[in-house]
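Asker: My questions all concern the structure below.
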Amino acid sequence: MTAPVRTRSSADLIRAEEPVLAHNYHPLPVVVARAEGTWVEDVEGRRYLDMLAGYSALNFGHRHPALIEAAHRQLDTLTLTSRAFHNDRLAEFAESLAELTGLDMVLPMNTGAEAVESGIKVARKWAYEVKGVPADRATIVVAAGNFHGRTTTIVSFSTDPEARGGFGPFTPGFRVVPYNDLAALEAAVDETTAAVLIEPIQGEAGVLIPDEGYLRGVREVTRRAGCLFIADEIQSGLGRTGRTLAVEHEDVMPDAVLLGKALGGGIVPVSAVVARREVLSVLRPGEHGSTFGGNPLAAAVGSAVVELLRTGEFQQRAAELGVVLRDGLTALVGRGVLGFRARGLWAGVDIDPAIGTGREISRRLMDRGILVKDTHGSTIRLAPPLTVTAAELRSALGTLGEVLRVVS
């Protein structure tokens with residue numbers, strides 16, 4: 001990273017946002033101006049180790065050379081055609097993504113919420129045309145504690161009061177069951193069920209990992225009931241947990257997988273529904289679309305992301321460094337950490353509330369050059385880029401230990 005050019009200070013920029021930006025976020029008071037790999041700099045030139053990676057959108061770090069090169073190369077030729085015309089990058093992207101996931105067809109979109117909305121529409125269409133559910137009777141079973149996005153339909157089946165409050169009336173057609181409860185899930189499934197939509201690991205809820213066998217059980221319940229299993233892998237997928245997809249930890253193949261975040265390499269929004277041919281074949285021209293979905297720039301970057309994952313190097317890094325992460329957190333249990341859940345390079349860490357809230361601990365870590373984000377009370381999330389080194393990881397965990405000692 002080059003030396004910073006001083007313009008407005010961090011404090012000035014934060015104050016400038018107040019009257020002109022909607023207050024739908026409460027960011028930590030750091031103003032990032034440059035980034036490279038696992039490190040970012042603020043406008044004053046202070047450096048921070050990024051241990052959040054854009055909620056997994058930056059799995060390959062900031063400005064990964066292969067991804068930047070792919071974007072630059074495409075910027076010089078073609079960026080957008082809309083789907084009114086074909087473009088020369090989309091077939092390669094769809095072919096490579098289908099091959100990577102082991103599924104058949106791709107529906108390209110932009111944001112994660114769009115992928116979820118698209119998955120819901122496809123599931124309902126499939127239920128009416130293939131399963132034979134009576135018109136407008138299709139239901140989708142979801143899990144409590146879920147986070148699939150913030151559109152009005154998605155918050156309709158959220159159990160988070162902050163996500164739902166003030167945004168009704170809500171979209172019908174969803175049944176909410178406890179996460180990690182196969183008996184409750186099976187009881188909710190009936191002849192109207194189009195799909196079961198779950199996160200293999202619930203990220204926003206605090207990186208909740210279900211019991212061994214839960215995902216296999218979901219697959220078996222949906223198979224017996226003749227409905228779809230849709231896995232939302234927008235945060236958990238593309239190497240984060242040590243596998244390409246988190247469902248691979250139980251050797252499960254859903255009918256459809258929802259991808260986003262890391263699929264755009266931290267450069268452009270790219271998401272997709274990847275599914276069996278029978279599922280996505282229910283869509284016909286005019287029934288669903290996106291002006292920017294599958295645009296040449298997104299397809300070029302997405303293809304480069306798939307190429308990085310094809311070798312398995314990043315999946316292996318996440319698995320191996322995940323051991324370092326777990327060992328470091330284990331050493332902090334009873335020393336300000338009540339407990340944690342981790343898989344690959346992803347962890348939810350429960351801080352002793354007597355020491356501080358998750359935001360307070362995140363702020364103290366920021367002051368020491370480590371960026372993390374809290375969720376729900378005293379839980380913080382750790383999700384560094386998969387390019388992080390073991391030394392950087394140990395340093396971050398050491399700093400967390402120091403913060404907890406100082407506060408306690």
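A note on labels: chains of the structure tokens are A, B, ... as shown, every chain counts residues from 1, and ligands are counted from 1 in their shown order.
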So which bits of range 199-306 of chain A end up strand (DSSP E) when you DSSP the backbone, as a list in words?
Answerer: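 The strand (DSSP E) residues within range 199-306 of chain A come out as Leu228, Phe229, Ile230, Ala231, Asp232, Ala256, Val257, Leu258, Leu259, Ser271, Ala272, Val273, Val274 and Ala275 of chain A.
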Asker: Got a sec: who's within 10 Å of Glu92 in chain A, counting only C-alpha atoms, leaving out chain neighbours fewer than 4 positions off, as a list in words?
Answerer: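 Surrounding residues, per the criterion: Asp88, Ser96, Leu97, Ala98, Ala299, Ala300, Gly302 and Ser303 of chain A.
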Asker: Per residue of range 201-314 of chain A within 8 Å of range 373-377 of chain A, what are the shortest atom pair and its distance in Å to one decimal, counting only C-alpha atoms, with rows by chain and residue number, as a tab-separated table?
Answerer:
```
residue	atom	partner	partner_atom	distance
A:Glu204	CA	A:Thr375	CA	6.7
A:Ala205	CA	A:Thr375	CA	7.3
A:Gly206	CA	A:Thr375	CA	6.5
```
Asker: Have a look at A:Arg405, A:Lys125, A:Arg63, A:His23 and name the one nearest to Leu332 in chain A; count only C-alpha atoms.
Answerer: A:Arg405
Asker: Any idea what's packed within 10 Å of Leu329 in chain A, counting only C-alpha atoms, ignoring anything in its chain fewer than 3 positions away? Could you give it as a list of chain:residue names?
Answerer: A:Val323, A:Val324, A:Leu325, A:Arg326, A:Leu332, A:Val333, A:Arg335, A:Val337, A:Gly339, A:Phe340, A:Arg341, A:Ala342, A:Ala347, A:Val349, A:Arg394, A:Leu397, A:Gly398, A:Leu400, A:Gly401
Asker: Could you turn the residues from that selection into a file that holds C-alpha atoms, as a tab-separated table (two decimals), in the first residue's frame?
Answerer:
```
chain	number	residue	atom	x	y	z
A	323	VAL	CA	-6.81	-25.57	13.67
A	324	VAL	CA	-4.71	-22.55	14.63
A	325	LEU	CA	-7.90	-20.54	15.17
A	326	ARG	CA	-9.51	-23.21	17.34
A	332	LEU	CA	-8.91	-18.15	25.93
A	333	VAL	CA	-11.87	-20.12	27.28
A	335	ARG	CA	-10.07	-16.13	30.41
A	337	VAL	CA	-14.23	-16.21	26.62
A	339	GLY	CA	-17.17	-20.50	24.64
A	340	PHE	CA	-16.91	-20.50	20.87
A	341	ARG	CA	-17.98	-22.31	17.73
A	342	ALA	CA	-15.59	-22.65	14.80
A	347	ALA	CA	-15.76	-18.54	14.48
A	349	VAL	CA	-16.79	-16.14	20.12
A	394	ARG	CA	-1.87	-15.92	16.28
A	397	LEU	CA	-5.75	-13.99	18.96
A	398	GLY	CA	-2.96	-12.75	21.19
A	400	LEU	CA	-7.81	-10.52	21.83
A	401	GLY	CA	-6.31	-12.16	24.91
```
Asker: List as a VMD selection string the protein and nucleic acid residues near Leu280 in chain A, meaning an atom at most 12 Å away when only C-alpha atoms are counted, but skip any in the same chain fewer than 4 places from it.
Answerer: chain A and resid 103 to 108 118 to 127 129 to 130 228 255 to 257 272 to 276 284 287 to 288
Asker: Please produce a file of those selected residues containing N, CA, C and O atoms, as a short mmCIF file (atom, residue, chain, number, x, y, z; two decimals), in the first residue's frame.
Answerer:
```
data_model
loop_
_atom_site.label_atom_id
_atom_site.label_comp_id
_atom_site.auth_asym_id
_atom_site.auth_seq_id
_atom_site.Cartn_x
_atom_site.Cartn_y
_atom_site.Cartn_z
N LEU A 103 -23.35 -29.36 -9.53
CA LEU A 103 -24.75 -29.22 -9.95
C LEU A 103 -24.80 -28.93 -11.45
O LEU A 103 -23.78 -28.98 -12.13
N ASP A 104 -25.98 -28.63 -11.96
CA ASP A 104 -26.17 -28.62 -13.41
C ASP A 104 -26.31 -27.25 -14.05
O ASP A 104 -25.76 -27.00 -15.12
N MET A 105 -27.09 -26.37 -13.43
CA MET A 105 -27.44 -25.10 -14.07
C MET A 105 -27.25 -23.94 -13.11
O MET A 105 -27.29 -24.10 -11.88
N VAL A 106 -27.08 -22.75 -13.69
CA VAL A 106 -26.79 -21.54 -12.92
C VAL A 106 -27.78 -20.44 -13.30
O VAL A 106 -28.04 -20.20 -14.48
N LEU A 107 -28.32 -19.77 -12.29
CA LEU A 107 -29.11 -18.57 -12.48
C LEU A 107 -28.31 -17.41 -11.88
O LEU A 107 -28.24 -17.27 -10.66
N PRO A 108 -27.67 -16.58 -12.70
CA PRO A 108 -26.81 -15.52 -12.16
C PRO A 108 -27.60 -14.30 -11.71
O PRO A 108 -28.49 -13.83 -12.41
N SER A 118 -34.62 -15.31 -5.53
CA SER A 118 -34.72 -16.12 -6.74
C SER A 118 -34.95 -17.59 -6.38
O SER A 118 -35.74 -18.29 -7.02
N GLY A 119 -34.24 -18.07 -5.36
CA GLY A 119 -34.43 -19.44 -4.92
C GLY A 119 -35.85 -19.70 -4.44
O GLY A 119 -36.42 -20.77 -4.70
N ILE A 120 -36.44 -18.72 -3.75
CA ILE A 120 -37.81 -18.85 -3.29
C ILE A 120 -38.77 -18.93 -4.47
O ILE A 120 -39.67 -19.78 -4.52
N LYS A 121 -38.57 -18.05 -5.46
CA LYS A 121 -39.44 -18.06 -6.63
C LYS A 121 -39.33 -19.38 -7.39
O LYS A 121 -40.34 -19.97 -7.80
N VAL A 122 -38.12 -19.85 -7.58
CA VAL A 122 -37.90 -21.10 -8.30
C VAL A 122 -38.54 -22.27 -7.56
O VAL A 122 -39.19 -23.14 -8.17
N ALA A 123 -38.39 -22.29 -6.23
CA ALA A 123 -38.97 -23.38 -5.44
C ALA A 123 -40.49 -23.41 -5.58
O ALA A 123 -41.10 -24.48 -5.72
N ARG A 124 -41.11 -22.24 -5.53
CA ARG A 124 -42.56 -22.20 -5.66
C ARG A 124 -42.99 -22.65 -7.06
O ARG A 124 -43.94 -23.43 -7.21
N LYS A 125 -42.29 -22.17 -8.08
CA LYS A 125 -42.64 -22.56 -9.45
C LYS A 125 -42.48 -24.07 -9.63
O LYS A 125 -43.32 -24.73 -10.25
N TRP A 126 -41.41 -24.61 -9.07
CA TRP A 126 -41.17 -26.05 -9.14
C TRP A 126 -42.30 -26.82 -8.44
O TRP A 126 -42.77 -27.85 -8.93
N ALA A 127 -42.72 -26.30 -7.29
CA ALA A 127 -43.78 -26.97 -6.53
C ALA A 127 -45.07 -27.07 -7.33
O ALA A 127 -45.76 -28.09 -7.31
N GLU A 129 -45.41 -26.74 -10.77
CA GLU A 129 -45.29 -27.40 -12.07
C GLU A 129 -44.80 -28.84 -12.00
O GLU A 129 -45.15 -29.65 -12.85
N VAL A 130 -43.99 -29.14 -11.00
CA VAL A 130 -43.41 -30.48 -10.92
C VAL A 130 -44.05 -31.31 -9.82
O VAL A 130 -44.48 -32.45 -10.04
N LEU A 228 -37.74 -29.79 -2.14
CA LEU A 228 -36.37 -29.40 -2.41
C LEU A 228 -35.61 -29.08 -1.12
O LEU A 228 -36.19 -28.61 -0.14
N ASP A 255 -30.54 -29.80 -3.55
CA ASP A 255 -31.11 -29.62 -4.88
C ASP A 255 -30.70 -28.27 -5.47
O ASP A 255 -30.63 -28.12 -6.70
N ALA A 256 -30.45 -27.32 -4.59
CA ALA A 256 -30.04 -25.98 -5.02
C ALA A 256 -29.14 -25.37 -3.96
O ALA A 256 -29.34 -25.59 -2.76
N VAL A 257 -28.16 -24.62 -4.41
CA VAL A 257 -27.24 -23.91 -3.51
C VAL A 257 -27.28 -22.44 -3.87
O VAL A 257 -27.26 -22.07 -5.06
N ALA A 272 -25.63 -16.22 -7.22
CA ALA A 272 -26.18 -17.22 -8.14
C ALA A 272 -27.01 -18.25 -7.39
O ALA A 272 -26.74 -18.56 -6.22
N VAL A 273 -28.01 -18.76 -8.07
CA VAL A 273 -28.68 -20.00 -7.68
C VAL A 273 -28.07 -21.08 -8.56
O VAL A 273 -28.10 -20.96 -9.79
N VAL A 274 -27.49 -22.09 -7.95
CA VAL A 274 -26.92 -23.21 -8.70
C VAL A 274 -27.73 -24.44 -8.31
O VAL A 274 -27.88 -24.73 -7.12
N ALA A 275 -28.27 -25.15 -9.30
CA ALA A 275 -29.25 -26.19 -8.96
C ALA A 275 -29.25 -27.33 -9.97
O ALA A 275 -28.60 -27.26 -11.02
N ARG A 276 -30.01 -28.36 -9.62
CA ARG A 276 -30.24 -29.45 -10.55
C ARG A 276 -31.03 -28.93 -11.76
O ARG A 276 -31.82 -27.99 -11.65
N ARG A 284 -38.86 -19.82 -17.52
CA ARG A 284 -38.96 -19.56 -18.96
C ARG A 284 -38.77 -18.07 -19.20
O ARG A 284 -38.92 -17.27 -18.28
N GLU A 287 -40.11 -14.73 -17.08
CA GLU A 287 -40.60 -15.04 -15.73
C GLU A 287 -39.68 -14.56 -14.62
O GLU A 287 -40.10 -14.46 -13.47
N HIS A 288 -38.43 -14.32 -14.94
CA HIS A 288 -37.48 -13.85 -13.93
C HIS A 288 -36.28 -13.24 -14.65
O HIS A 288 -35.97 -13.64 -15.77
#
```
Asker: Show me a table, sorted first by chain and then by increasing residue number, of the residues of range 167-211 of chain A having an atom at most 6 Å from range 136-160 of chain A, each with its shortest atom pair and the distance in Å to one decimal, counting only C-alpha atoms and written as a tab-separated table.
Answerer:
```
residue	atom	partner	partner_atom	distance
A:Phe170	CA	A:Ser156	CA	4.8
A:Thr171	CA	A:Thr153	CA	5.4
A:Gly173	CA	A:Thr139	CA	4.6
A:Phe174	CA	A:Ile140	CA	4.9
A:Arg175	CA	A:Val141	CA	4.7
A:Val176	CA	A:Val142	CA	5.0
A:Val177	CA	A:Ala143	CA	5.0
A:Pro178	CA	A:Ala144	CA	5.1
A:Tyr179	CA	A:Ala143	CA	4.9
A:Thr192	CA	A:Ala138	CA	5.1
A:Thr193	CA	A:Thr139	CA	4.7
A:Ala194	CA	A:Ile140	CA	5.7
A:Ala195	CA	A:Ile140	CA	5.0
A:Val196	CA	A:Val141	CA	4.7
A:Leu197	CA	A:Val142	CA	5.2
A:Ile198	CA	A:Val142	CA	5.9
A:Ala205	CA	A:Gly145	CA	5.8
```
Asker: Could you save the residues just selected, with C-alpha atoms, as a compact mmCIF listing (two decimals), in the first residue's frame?
Answerer:
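Wrote part_8.txt, looks like this:
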```
# COMPACT_ATOMS: atom_id res chain seq x y z
CA PHE A 170 -45.33 -9.87 5.90
CA THR A 171 -45.28 -12.33 3.05
CA GLY A 173 -46.05 -19.10 2.91
CA PHE A 174 -43.23 -19.80 5.39
CA ARG A 175 -43.03 -22.15 8.37
CA VAL A 176 -40.36 -21.47 10.97
CA VAL A 177 -38.91 -24.34 13.00
CA PRO A 178 -36.03 -24.45 15.50
CA TYR A 179 -32.60 -24.77 13.93
CA THR A 192 -47.64 -28.27 0.30
CA THR A 193 -43.92 -27.97 1.07
CA ALA A 194 -41.92 -26.69 -1.88
CA ALA A 195 -38.56 -26.56 -0.11
CA VAL A 196 -36.60 -26.52 3.10
CA LEU A 197 -34.31 -23.46 3.06
CA ILE A 198 -31.52 -23.40 5.63
CA ALA A 205 -26.78 -15.95 14.70
```
Asker: Where in range 130-344 of chain A does DSSP assign alpha helix (DSSP H), given as a ChimeraX atom specification?
Answerer: /A:152-155,161-164,182-188,214-225,277-280,296-310,313-330
Asker: Could you give me, as CSV, every range 222-312 of chain A residue with an atom at most 9 Å from range 67-71 of chain A, plus its closest atom pair and distance in Å to one decimal, counting only C-alpha atoms, rows ordered by chain then number?
Answerer:
```
residue,atom,partner,partner_atom,distance
A:Gly265,CA,A:Leu67,CA,6.6
A:Gly266,CA,A:Leu67,CA,8.9
A:Ile267,CA,A:Ile68,CA,7.9
A:Leu297,CA,A:Ala71,CA,6.4
A:Ala298,CA,A:Ala71,CA,8.3
A:Ala300,CA,A:Ala70,CA,6.2
A:Val301,CA,A:Ala70,CA,5.9
A:Gly302,CA,A:Leu67,CA,8.7
A:Ser303,CA,A:Ala70,CA,8.8
A:Ala304,CA,A:Leu67,CA,6.0
A:Val305,CA,A:Leu67,CA,7.0
```
Asker: Of the residues A:Val268, A:His64, A:Gly294, A:Gly328, which is the one nearest to Ala390 in chain A, using only C-alpha atoms?
Answerer: A:Gly328
Asker: Using only C-alpha atoms, which residue out of A:Arg343, A:Arg83, A:Lys261, A:Arg219 lies closest to Gln202 in chain A?
Answerer: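 Comparing A:Arg343, A:Arg83, A:Lys261, A:Arg219 against Gln202 in chain A, the winner is A:Arg343.
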Asker: Extract, using only C-alpha atoms, all DNA, RNA and protein residues at most 7 Å from Leu182 in chain A, discarding same-chain residues fewer than 5 positions from it, and format them as a CSV table (one decimal) with all heavy atoms, in the first residue's frame.
Answerer:
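Contents of selection.csv, as written:
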```
chain,number,residue,atom,x,y,z
A,214,TYR,N,-27.2,-33.6,11.1
A,214,TYR,CA,-28.4,-32.8,10.9
A,214,TYR,C,-28.6,-32.5,9.4
A,214,TYR,O,-29.7,-32.7,8.9
A,214,TYR,CB,-28.2,-31.4,11.6
A,214,TYR,CG,-29.3,-30.4,11.3
A,214,TYR,CD1,-30.6,-30.6,11.8
A,214,TYR,CD2,-29.1,-29.3,10.6
A,214,TYR,CE1,-31.6,-29.7,11.6
A,214,TYR,CE2,-30.0,-28.3,10.3
A,214,TYR,CZ,-31.3,-28.5,10.8
A,214,TYR,OH,-32.3,-27.6,10.6
A,217,GLY,N,-29.8,-35.5,7.7
A,217,GLY,CA,-31.2,-35.7,8.1
A,217,GLY,C,-32.1,-34.8,7.2
A,217,GLY,O,-33.2,-35.2,6.8
A,218,VAL,N,-31.7,-33.5,7.1
A,218,VAL,CA,-32.5,-32.6,6.2
A,218,VAL,C,-32.6,-33.1,4.8
A,218,VAL,O,-33.7,-33.1,4.2
A,218,VAL,CB,-31.9,-31.2,6.2
A,218,VAL,CG1,-32.6,-30.3,5.2
A,218,VAL,CG2,-31.9,-30.5,7.6
```
Asker: Record the distance separating CA of Arg277 in chain A and CA of Glu313 in chain A, expressed in Å with one decimal.
Answerer: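 Between CA of Arg277 in chain A and CA of Glu313 in chain A the gap is 28.9 Å.
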Asker: Write out as a VMD selection string the residues lying within 12 Å of Val252 in chain A, counting only C-alpha atoms and excluding same-chain residues fewer than 6 positions away.
Answerer: chain A and resid 101 to 102 200 212 to 220 223 229 to 231 245 to 246
Asker: For the selection just defined, write its residues with N, CA, C and O atoms to a file, as a short mmCIF file (atom, residue, chain, number, x, y, z; two decimals), in the first residue's frame.
Answerer:
```
data_model
loop_
_atom_site.label_atom_id
_atom_site.label_comp_id
_atom_site.auth_asym_id
_atom_site.auth_seq_id
_atom_site.Cartn_x
_atom_site.Cartn_y
_atom_site.Cartn_z
N THR A 101 -19.50 -26.90 -8.11
CA THR A 101 -20.48 -27.28 -7.09
C THR A 101 -21.05 -28.68 -7.30
O THR A 101 -21.72 -29.21 -6.41
N GLY A 102 -20.83 -29.25 -8.48
CA GLY A 102 -21.38 -30.56 -8.76
C GLY A 102 -22.84 -30.54 -9.15
O GLY A 102 -23.52 -31.58 -9.14
N PRO A 200 -26.36 -23.99 6.20
CA PRO A 200 -25.64 -25.11 6.82
C PRO A 200 -24.95 -24.70 8.12
O PRO A 200 -24.79 -25.52 9.02
N GLU A 212 -23.70 -33.10 14.14
CA GLU A 212 -23.34 -34.05 13.09
C GLU A 212 -24.58 -34.87 12.71
O GLU A 212 -25.28 -35.39 13.58
N GLY A 213 -24.85 -34.94 11.44
CA GLY A 213 -25.98 -35.71 10.96
C GLY A 213 -27.21 -34.86 10.66
O GLY A 213 -28.15 -35.34 10.01
N TYR A 214 -27.22 -33.62 11.11
CA TYR A 214 -28.39 -32.76 10.87
C TYR A 214 -28.61 -32.52 9.38
O TYR A 214 -29.73 -32.67 8.87
N LEU A 215 -27.55 -32.16 8.66
CA LEU A 215 -27.70 -31.87 7.23
C LEU A 215 -28.08 -33.13 6.45
O LEU A 215 -28.89 -33.07 5.53
N ARG A 216 -27.52 -34.27 6.85
CA ARG A 216 -27.93 -35.53 6.21
C ARG A 216 -29.40 -35.80 6.49
O ARG A 216 -30.14 -36.30 5.63
N GLY A 217 -29.81 -35.46 7.70
CA GLY A 217 -31.21 -35.65 8.05
C GLY A 217 -32.14 -34.75 7.25
O GLY A 217 -33.21 -35.19 6.81
N VAL A 218 -31.72 -33.50 7.06
CA VAL A 218 -32.51 -32.59 6.23
C VAL A 218 -32.65 -33.14 4.82
O VAL A 218 -33.73 -33.13 4.22
N ARG A 219 -31.53 -33.66 4.30
CA ARG A 219 -31.57 -34.22 2.95
C ARG A 219 -32.54 -35.41 2.88
O ARG A 219 -33.29 -35.55 1.91
N GLU A 220 -32.53 -36.24 3.90
CA GLU A 220 -33.39 -37.41 3.89
C GLU A 220 -34.85 -37.02 4.05
O GLU A 220 -35.74 -37.58 3.37
N ARG A 223 -36.05 -35.60 0.78
CA ARG A 223 -36.16 -36.65 -0.24
C ARG A 223 -37.45 -37.45 -0.03
O ARG A 223 -38.18 -37.73 -0.99
N PHE A 229 -34.33 -29.32 -1.15
CA PHE A 229 -33.40 -28.88 -0.10
C PHE A 229 -32.56 -27.77 -0.71
O PHE A 229 -31.79 -27.99 -1.65
N ILE A 230 -32.75 -26.55 -0.20
CA ILE A 230 -31.99 -25.39 -0.67
C ILE A 230 -31.04 -24.95 0.43
O ILE A 230 -31.47 -24.63 1.54
N ALA A 231 -29.75 -24.95 0.15
CA ALA A 231 -28.74 -24.56 1.12
C ALA A 231 -28.26 -23.14 0.81
O ALA A 231 -27.77 -22.87 -0.29
N LEU A 245 -18.07 -26.12 -0.23
CA LEU A 245 -19.37 -25.84 0.36
C LEU A 245 -19.43 -26.47 1.75
O LEU A 245 -18.89 -27.55 1.97
N ALA A 246 -20.12 -25.81 2.66
CA ALA A 246 -20.20 -26.34 4.02
C ALA A 246 -20.96 -27.65 4.08
O ALA A 246 -20.70 -28.48 4.96
#
```
Asker: Distance CA of Leu100 in chain A-CA of Pro285 in chain A, one decimal place?
Answerer: 26.1 Å
Asker: Go through A:Ala113, A:Leu393, A:Val31, A:Ala84 one by one, measure the shortest atom-to-atom distance of each to Ile234 in chain A using only C-alpha atoms, and give the residue with the smallest value.
Answerer: A:Ala113
Asker: Between CA of Gly226 in chain A and CA of Ile209 in chain A, what is the distance, to one decimal in Å?
Answerer: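 The value is 25.8 Å.
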Asker: With only C-alpha atoms as the basis for distance, which of A:Val221, A:Leu404, A:Glu191, A:Asp12 is at the shortest distance from Asp350 in chain A?
Answerer: A:Leu404
